[in-house]
Amino acid sequence: MRCAVPMFVIVLIPLLASPITYAQNVDSDVESVLVSGPTYITLICDQGSCSGHTLEVISEINSTFADSFSWSGNAEGVLDYRVVSAPGSSGVAHARVLTSDADYIHETVDIEDSLTTAKTNNSLPITQGCIDSLCEMSKLTTKRMSGWLNTGGDRDYWLISANSSTYIEEFQSEAPVIIEIWKIASDGSRLMAGRLTSSLQNGVHEIRDLAVVAGSNEEIWMVVSSAEADRRDSVYMANVFVSHNEADAPAKHNYSSNRIHQPKSNYKFTGISHKQSDVDSFLIPVGGRFTYEVQIFNHGNNDSFVSVHEHLLNGEVSEDLGPDAGITSSGAISLEIRFHAMTPMIYSGEVKLTSNSTDFSGLLLRGDLVYFGDAPDNLPTDNSRINYWPEMVVDSNESGPAVSTYRLQGDVFGMDMIDTYLISINSESGSLMRAVAESGSASIQIQELTQSGTYQIKNSSNGSQLFLPMGIHAIRVEGSPQNVGAYSFILTTSQPQPLDSGVFVDLSSKATPYYIFAGLFLLAPSVLVAFFMRKEIMRRILGKTPVDPINKGAIENIVNELRRRESEGNLESALMSFHGHGLTTSRASFLIEKGLPEMDIASVSVSNPMGDIGMWLDDAKNGVLTFGIYAKVDWKLACLRLSYPDGTRSKIVELSSKSIFSDDEVMLGDLSEGQTIMFQLKLDTIPETVELEFTGRVKGESVAIVPREALAWI
């Protein structure tokens, strides 16, 4: 006899194929299970045969069927049972319980009807659960159903999907069953999409891992049929997940999430492929030098694969990184995990992240860490991406010159020689900052930045005290092939001392001898400079303008004349006639010899009583520069040195002359008055800007020629 069971509120908890609750008296072998609805208990052999073991249900509850090995019935409340072992029994046995509880949708009346008749007791609603997005659970939230097959050949009809995706995690039955999946279109047409037969697993007949998708204006029905014509009443139940088709994840992401700010994190996600060849994309925040491991749980289905992509600081998205584990690059912002499925299926996964970087800044006294991951090697280009950089906030006390102390730690190695940190000065009066090395041999630079939103370097120091106005500024730590490994710097900030009007006493008369001595001492170098610049001073007194060491108009005229003579076949004599007349003619001859364009892309030059120097950008794409000098005096130990105030450090890799060079220096040796030298050099990597400095000894004194402007790369 069947008993009606009322409908219950659905609670999203997983299906149990074992007792929901059970208790065993210490002095007996009686076990208890809390049941609500269709229940089935069967005897399972753990070891050997079940000979001599029987199942005994003690509670007085009406059963649908009971024998020495199994029991089924529509129960409500606590059900007591025990496994009885007769003397001489062999093996070990236990009872397996298949039971409903209050969150099931029960078949309260027989739902044998037709494929198009949906009722409250045979229709599964859509779950508003975690799907195609990051989750805190690795399992799907599900709906659960249970019912009866009354006699052999009985069929029950369940509406499991309407314009949605459905995943049958597991179907369990007391008796053998056949499941048919039917698609019913709005025009009434029908198509059988699948037919499955249950298999016996540990005393229960099961069907697992089945995903189906209903299209627009389409329903999917599951028909459960008894596979035994003379079968008595038997119980079945299923764990089912239903989601909106519109909730599908995107195939790819074109934006990056925020960088991660903890040393270790696990992210879990769950989804369902809604169609053939569906691609779902998930975005995981990471940082530089994070170890990642991607693990996918797709329930044994091999018709899928995963691709991993990096979102970088420059806005680019990398190609597939290949393996499911690795280490992120220094410029990584987030990882994009793309799950490619060949067929409709369910999947879940987890991404484990662990930081390999020691870069951080924090208060010295409290040790508060505010950043994890590798610090970038360049400055931000605009405000929209500034939160990807580690930032130290300095709050100065406006009422007095309070001092704050910070520790800046990290490491530099072969592929990561530069770490860039940001400093936020919140005080309107600004702050004084200095840096002292605590350990390691890396160099440090405090940089004052412009506040126009582009963050260009305005002023800098090598750790010595520098005033920083209110706004965003930077600290740059740089290693070299000889200076790698961990570093630690102590940073101190203080508010500038306010001006105190006080009472002033004029004691200047006591320092008169010092002023006379200091004046003569300071004027002495000016006399030497005036001697070397005597010709230029006279020209300015007489109103004559100085000669531009690089006259582009003159260069163009000389080039045209050289080409004209080349056409007449006497180019060699023409070149000889123009050699040795300063940088203008030397540059023109150089253009003809090298076959370079007439108009220079960019150049810097300077004229000095000791010589004229210039640098031209000849090939921006390949990093080719030309340097030239016209010596007006004799030089000893002349040397060219390049520096790179912005961006990545570069070095010289090729030189057209036979001079000795290393990294950023070229040794030219001794130069004679009137001598002109011009050669090409190649840089790797391409820098943003280049500054040059020409040094040597003139008449026993160390001197230098330095252009005021840097050569900006185009």
# chains A, B, ... in the order shown; residues from 1 in each chain; ligands from 1
>>> residues_around(residues="Met610 in chain A", least_positions_apart="3", cutoff="7 Å", atoms="only C-alpha atoms", output="PyMOL selection string")
chain A and resi 631-633
>>> write_last_selection(atoms="N, CA and C atoms", output="mmCIF file, in the first residue's frame")
data_model
loop_
_atom_site.group_PDB
_atom_site.id
_atom_site.type_symbol
_atom_site.label_atom_id
_atom_site.label_comp_id
_atom_site.auth_asym_id
_atom_site.auth_seq_id
_atom_site.Cartn_x
_atom_site.Cartn_y
_atom_site.Cartn_z
ATOM 1 N N ALA A 631 87.015 67.196 -31.738
ATOM 2 C CA ALA A 631 87.856 67.650 -30.624
ATOM 3 C C ALA A 631 88.487 69.006 -30.957
ATOM 4 N N LYS A 632 88.294 69.999 -30.064
ATOM 5 C CA LYS A 632 88.889 71.324 -30.233
ATOM 6 C C LYS A 632 90.182 71.477 -29.422
ATOM 7 N N VAL A 633 90.434 70.481 -28.536
ATOM 8 C CA VAL A 633 91.666 70.455 -27.751
ATOM 9 C C VAL A 633 92.145 69.009 -27.696
#
>>> atom_distance(atom1="CA of Asn387 in chain A", atom2="CA of Arg476 in chain A")
17.0 Å
>>> select_by_dssp(residues="range 370-427 of chain A", states="strand (DSSP E or B)", output="list of chain:residue names")
A:Asp374, A:Glu391, A:Met392, A:Val393, A:Val394, A:Val403, A:Ser404, A:Thr405, A:Tyr406, A:Arg407, A:Leu408, A:Gln409, A:Gly410, A:Asp411, A:Val412, A:Phe413, A:Asp416, A:Ile418, A:Asp419, A:Thr420, A:Tyr421, A:Leu422, A:Ile423, A:Ser424, A:Ile425
>>> write_last_selection(atoms="C-alpha atoms", output="PDB file, in the first residue's frame")
ATOM      1  CA  ASP A 374      56.738  40.711  -7.718  1.00  0.00           C
ATOM      2  CA  GLU A 391      52.014  51.392  -2.811  1.00  0.00           C
ATOM      3  CA  MET A 392      53.340  52.796   0.461  1.00  0.00           C
ATOM      4  CA  VAL A 393      51.069  55.449   2.003  1.00  0.00           C
ATOM      5  CA  VAL A 394      52.885  58.151   3.983  1.00  0.00           C
ATOM      6  CA  VAL A 403      59.278  60.761  11.625  1.00  0.00           C
ATOM      7  CA  SER A 404      57.990  57.484  10.138  1.00  0.00           C
ATOM      8  CA  THR A 405      60.220  54.490   9.432  1.00  0.00           C
ATOM      9  CA  TYR A 406      59.555  51.825   6.799  1.00  0.00           C
ATOM     10  CA  ARG A 407      61.364  48.738   5.649  1.00  0.00           C
ATOM     11  CA  LEU A 408      61.468  47.889   1.946  1.00  0.00           C
ATOM     12  CA  GLN A 409      62.418  44.291   1.175  1.00  0.00           C
ATOM     13  CA  GLY A 410      62.557  42.130  -1.927  1.00  0.00           C
ATOM     14  CA  ASP A 411      64.899  40.328  -4.271  1.00  0.00           C
ATOM     15  CA  VAL A 412      66.350  40.795  -7.754  1.00  0.00           C
ATOM     16  CA  PHE A 413      67.578  38.051 -10.055  1.00  0.00           C
ATOM     17  CA  ASP A 416      63.882  40.573 -12.730  1.00  0.00           C
ATOM     18  CA  ILE A 418      64.219  46.098 -11.339  1.00  0.00           C
ATOM     19  CA  ASP A 419      61.475  46.557  -8.714  1.00  0.00           C
ATOM     20  CA  THR A 420      59.338  49.711  -8.759  1.00  0.00           C
ATOM     21  CA  TYR A 421      57.295  50.793  -5.723  1.00  0.00           C
ATOM     22  CA  LEU A 422      54.918  53.762  -5.449  1.00  0.00           C
ATOM     23  CA  ILE A 423      54.797  56.254  -2.564  1.00  0.00           C
ATOM     24  CA  SER A 424      51.632  58.209  -1.795  1.00  0.00           C
ATOM     25  CA  ILE A 425      52.336  61.469   0.070  1.00  0.00           C
TER      26      ILE A 425
END
>>> atom_distance(atom1="CA of Asn426 in chain A", atom2="CA of Tyr487 in chain A")
26.9 Å
>>> atom_distance(atom1="CA of Ser429 in chain A", atom2="CA of Asn459 in chain A")
17.4 Å
>>> closest_atom_pairs(of="range 158-261 of chain A", to="range 268-278 of chain A", cutoff="12 Å", atoms="only C-alpha atoms", output="JSON lines")
{"residue": "A:Asn163", "atom": "CA", "partner": "A:His274", "partner_atom": "CA", "distance": 10.7}
{"residue": "A:Ser164", "atom": "CA", "partner": "A:His274", "partner_atom": "CA", "distance": 8.4}
{"residue": "A:Ser165", "atom": "CA", "partner": "A:His274", "partner_atom": "CA", "distance": 6.2}
{"residue": "A:Thr166", "atom": "CA", "partner": "A:Ile272", "partner_atom": "CA", "distance": 8.5}
{"residue": "A:Tyr167", "atom": "CA", "partner": "A:Ile272", "partner_atom": "CA", "distance": 8.0}
{"residue": "A:Ile168", "atom": "CA", "partner": "A:Ile272", "partner_atom": "CA", "distance": 11.5}
{"residue": "A:Glu169", "atom": "CA", "partner": "A:Ile272", "partner_atom": "CA", "distance": 11.9}
{"residue": "A:Asp209", "atom": "CA", "partner": "A:Ile272", "partner_atom": "CA", "distance": 11.8}
{"residue": "A:Leu210", "atom": "CA", "partner": "A:Ile272", "partner_atom": "CA", "distance": 11.2}
{"residue": "A:Ala211", "atom": "CA", "partner": "A:Ile272", "partner_atom": "CA", "distance": 8.3}
{"residue": "A:Val212", "atom": "CA", "partner": "A:His274", "partner_atom": "CA", "distance": 8.1}
{"residue": "A:Val213", "atom": "CA", "partner": "A:His274", "partner_atom": "CA", "distance": 6.1}
{"residue": "A:Ala214", "atom": "CA", "partner": "A:His274", "partner_atom": "CA", "distance": 8.8}
{"residue": "A:Gly215", "atom": "CA", "partner": "A:Lys275", "partner_atom": "CA", "distance": 9.4}
{"residue": "A:Phe241", "atom": "CA", "partner": "A:Ile272", "partner_atom": "CA", "distance": 9.7}
{"residue": "A:Val242", "atom": "CA", "partner": "A:Ile272", "partner_atom": "CA", "distance": 9.7}
{"residue": "A:Ser243", "atom": "CA", "partner": "A:Ile272", "partner_atom": "CA", "distance": 8.5}
{"residue": "A:His244", "atom": "CA", "partner": "A:His274", "partner_atom": "CA", "distance": 9.4}
{"residue": "A:Asn245", "atom": "CA", "partner": "A:His274", "partner_atom": "CA", "distance": 6.6}
{"residue": "A:Glu246", "atom": "CA", "partner": "A:His274", "partner_atom": "CA", "distance": 9.3}
{"residue": "A:Ala247", "atom": "CA", "partner": "A:His274", "partner_atom": "CA", "distance": 9.4}
{"residue": "A:Asp248", "atom": "CA", "partner": "A:His274", "partner_atom": "CA", "distance": 7.0}
{"residue": "A:Ala249", "atom": "CA", "partner": "A:Gly271", "partner_atom": "CA", "distance": 8.1}
{"residue": "A:Pro250", "atom": "CA", "partner": "A:Asp278", "partner_atom": "CA", "distance": 9.5}
{"residue": "A:Ala251", "atom": "CA", "partner": "A:Asp278", "partner_atom": "CA", "distance": 7.8}
{"residue": "A:Lys252", "atom": "CA", "partner": "A:Asp278", "partner_atom": "CA", "distance": 11.4}
>>> residues_around(residues="Pro687 in chain A", least_positions_apart="4", cutoff="8 Å", atoms="only C-alpha atoms", output="list in words")
Tyr644, Asp646, Gly647, Thr648, Arg649, Ser650 and Trp713 of chain A
>>> residues_around(residues="Ser189 in chain A", least_positions_apart="2", cutoff="12 Å", atoms="only C-alpha atoms", output="list in words")
Leu115, Thr116, Trp182, Lys183, Ile184, Ala185, Ser186, Asp187, Leu191, Met192, Asn217, Glu218 and Glu219 of chain A
>>> write_last_selection(atoms="N, CA and C atoms", output="mmCIF file, in the first residue's frame")
data_model
loop_
_atom_site.group_PDB
_atom_site.id
_atom_site.type_symbol
_atom_site.label_atom_id
_atom_site.label_comp_id
_atom_site.auth_asym_id
_atom_site.auth_seq_id
_atom_site.Cartn_x
_atom_site.Cartn_y
_atom_site.Cartn_z
ATOM 1 N N LEU A 115 4.211 12.720 -21.825
ATOM 2 C CA LEU A 115 5.403 13.547 -21.909
ATOM 3 C C LEU A 115 5.113 15.030 -21.801
ATOM 4 N N THR A 116 3.901 15.456 -21.924
ATOM 5 C CA THR A 116 3.600 16.892 -21.954
ATOM 6 C C THR A 116 2.779 17.350 -20.759
ATOM 7 N N TRP A 182 13.936 12.586 -23.556
ATOM 8 C CA TRP A 182 13.146 13.036 -24.709
ATOM 9 C C TRP A 182 13.196 14.560 -24.802
ATOM 10 N N LYS A 183 13.355 15.062 -26.051
ATOM 11 C CA LYS A 183 13.244 16.492 -26.329
ATOM 12 C C LYS A 183 11.899 16.758 -26.995
ATOM 13 N N ILE A 184 11.125 17.681 -26.381
ATOM 14 C CA ILE A 184 9.796 18.020 -26.883
ATOM 15 C C ILE A 184 9.814 19.478 -27.328
ATOM 16 N N ALA A 185 9.605 19.725 -28.628
ATOM 17 C CA ALA A 185 9.590 21.087 -29.160
ATOM 18 C C ALA A 185 8.225 21.714 -28.947
ATOM 19 N N SER A 186 8.149 23.060 -29.105
ATOM 20 C CA SER A 186 6.895 23.770 -28.888
ATOM 21 C C SER A 186 5.834 23.383 -29.907
ATOM 22 N N ASP A 187 6.259 22.880 -31.086
ATOM 23 C CA ASP A 187 5.275 22.457 -32.092
ATOM 24 C C ASP A 187 4.787 21.033 -31.867
ATOM 25 N N LEU A 191 11.793 13.920 -29.947
ATOM 26 C CA LEU A 191 13.028 13.259 -30.348
ATOM 27 C C LEU A 191 13.658 12.629 -29.117
ATOM 28 N N MET A 192 13.943 11.293 -29.207
ATOM 29 C CA MET A 192 14.632 10.631 -28.097
ATOM 30 C C MET A 192 16.115 10.974 -28.189
ATOM 31 N N ASN A 217 12.477 27.372 -26.575
ATOM 32 C CA ASN A 217 11.139 26.787 -26.778
ATOM 33 C C ASN A 217 11.210 25.263 -26.843
ATOM 34 N N GLU A 218 11.997 24.694 -25.943
ATOM 35 C CA GLU A 218 12.177 23.245 -25.945
ATOM 36 C C GLU A 218 12.208 22.745 -24.512
ATOM 37 N N GLU A 219 11.630 21.549 -24.283
ATOM 38 C CA GLU A 219 11.629 20.907 -22.975
ATOM 39 C C GLU A 219 12.344 19.564 -23.064
#
>>> closest_residue(among="A:Ser508, A:Ser488, A:Thr493, A:Ser656", to="Ser431 in chain A", atoms="only C-alpha atoms")
A:Thr493
>>> residues_around(residues="Phe531 in chain A", least_positions_apart="6", cutoff="12 Å", atoms="only C-alpha atoms", output="list in words")
Ala524, Pro525, Ile537, Met538, Pro609 and Met610 of chain A
>>> residues_around(residues="Phe627 in chain A", least_positions_apart="3", cutoff="9 Å", atoms="only C-alpha atoms", output="number ranges by chain")
A: 613-616, 677-681
>>> write_last_selection(atoms="C-alpha atoms", output="CSV table (one decimal), in the first residue's frame")
chain,number,residue,atom,x,y,z
A,613,ILE,CA,79.5,66.2,-29.7
A,614,GLY,CA,76.3,64.8,-31.1
A,615,MET,CA,74.1,61.7,-31.2
A,616,TRP,CA,71.6,60.7,-33.9
A,677,ILE,CA,85.4,60.5,-34.7
A,678,MET,CA,82.0,59.1,-35.8
A,679,PHE,CA,80.7,55.6,-35.4
A,680,GLN,CA,77.5,53.6,-35.0
A,681,LEU,CA,76.4,51.5,-32.0
>>> closest_residue(among="A:Val57, A:Ile592, A:Leu134, A:Ala486", to="Trp71 in chain A", atoms="only C-alpha atoms")
A:Val57
